[in-house]
Number of protein chains: 2
Amino acid sequence: MTTSAAQRRERARAEYNAFLAVCPSHQLLARVSDKWVTLILSALGSGGDCAGEPGAMRYSELSRLLAGVSQKMLTQTLRSLERDGLVTRTVTPTVPVTVTYALTDLGLSLQHTMRALKSWAETNMDDVFDNRATYDERVG
Amino acid sequence: MTTSAAQRRERARAEYNAFLAVCPSHQLLARVSDKWVTLILSALGSGGDCAGEPGAMRYSELSRLLAGVSQKMLTQTLRSLERDGLVTRTVTPTVPVTVTYALTDLGLSLQHTMRALKSWAETNMDDVFDNRATYDERVG
DNA sequence: CTGTATCCTATATGATACTG
DNA sequence: CAGTATCATATAGGATACAG
């Protein structure tokens with residue numbers, strides 16, 4: 001009888017859990033090393049460089065600012081950020097309800113690093129693209 | 001006739017390209033906001049906090065250090081990092097071939113931020129876990 | 001306006017076997 | 001040792017419709 005997919009999955013999960021037991025911070029690191037997390041935190045803190053809108057932002061503002069994001073991912077990522085205590089979600093019971101998101105202190109502390117990351121990307125973008133072109137040419 | 005999946009895909013792609021045209025650095029940012037990229041860069045520069053091995057590392061060393069990574073993802077991520085000019089790949093034609101990876105100057109400049117990110121994760125891990133517990137309790 | 005629920009596809013990722 | 005190739009699967013992520 002062949003090893004079932006479930007068994008293999010379980011073994012992989014066990015290994016991964018052992019890994020996390022050694023380095024539990026990797027779990028958080030992996031969570032934070034996410035495209036949408038990076039973009040949302042960058043957007044929330046200072047609006048970033050694409051469309052500067054500082055301070056708290058409404059759901060629809062974020063949606064517009066992060067042009068590529070779907071409703072699903074935006075909501076999902078915001079929820080996880082709220083759960084982790086990085087952002088606050090404030091509901092104002094206006095006629096059509098208004099919801100604003102803002103960084104907590106914890107979120108702010110991370111946002112500093114996120115901005116560094118974003119800044120790095122902007123600074124070294126040209127270099128990286130050159131490197132890619134060179135590499136692709138050598139490989140063909 | 002319903003809109004085909006291909007048509008919808010194309011529209012989404014067009015939107016995303018327009019988005020990247022406005023903010024091309026987001027492409028690089030998304031690339032760098034990757035779990036394995038973060039872990040590999042952290043590992044390469046100084047071995048990190050789980051098992052400190054500074055300097056250049058061999059493929060097998062990386063594989064061991066990043067316990068959860070598969071061959072595929074390790075190779076794939078290393079290739080992309082090499083293409084982007086963040087790491088060098090050096091082949092030494094010993095009897096069983098030896099391959100070492102090391103950070104370039106560009107990689108080093110990013111690794112600094114990566115370490116900040118890792119450091120943040122380690123510092124605030126407990127806070128985040130507390131926040132999660134609190135949130136889960138409120139929601140049930 | 002701000003979501004939630006459902007369905008569906010593409011991509012990421014892992015397991016496995018094979019190669020120089 | 002350091003991969004490459006292939007297959008299988010889980011998850012990410014998007015489209016759409018509906019709700020408070």
# chains A, B, ... in the order shown; residues from 1 in each chain; ligands from 1
>>> closest_atom_pairs(of="chain D", to="chain B", cutoff="10 Å", atoms="only C-alpha atoms (C1' of nucleotides)", output="Markdown table")
| residue | atom | partner | partner_atom | distance |
| --- | --- | --- | --- | --- |
| D:DC1 | C1' | B:Pro96 | CA | 5.4 |
| D:DA2 | C1' | B:Tyr59 | CA | 7.1 |
| D:DG3 | C1' | B:Thr75 | CA | 7.9 |
| D:DT4 | C1' | B:Lys72 | CA | 9.4 |
| D:DG14 | C1' | B:Ala12 | CA | 8.7 |
| D:DA15 | C1' | B:Arg8 | CA | 8.4 |
>>> closest_atom_pairs(of="chain C", to="chain A", cutoff="8 Å", atoms="only C-alpha atoms (C1' of nucleotides)", output="CSV")
residue,atom,partner,partner_atom,distance
C:DC1,C1',A:Pro96,CA,5.3
C:DT2,C1',A:Val97,CA,7.1
C:DG3,C1',A:Thr75,CA,7.9
>>> interface_residues(of="chain B", to="chain A", cutoff="8 Å", atoms="only C-alpha atoms", output="PyMOL selection string")
chain B and resi 15-16+19+22-23+25-26+28-31+33-35+38+50+67-68+83-85+110+113+116-118+120-122+125+128-129+131-132+135-136
>>> residues_around(residues="DA5 in chain D", least_positions_apart="5", cutoff="12 Å", atoms="only C-alpha atoms (C1' of nucleotides)", output="MDAnalysis selection string")
(chainID B and resid 72) or (chainID C and resid 16:19)
>>> closest_residue(among="B:Gln76, B:Gln111, B:Thr88, B:Thr104", to="DA12 in chain C", atoms="only C-alpha atoms (C1' of nucleotides)")
B:Gln76
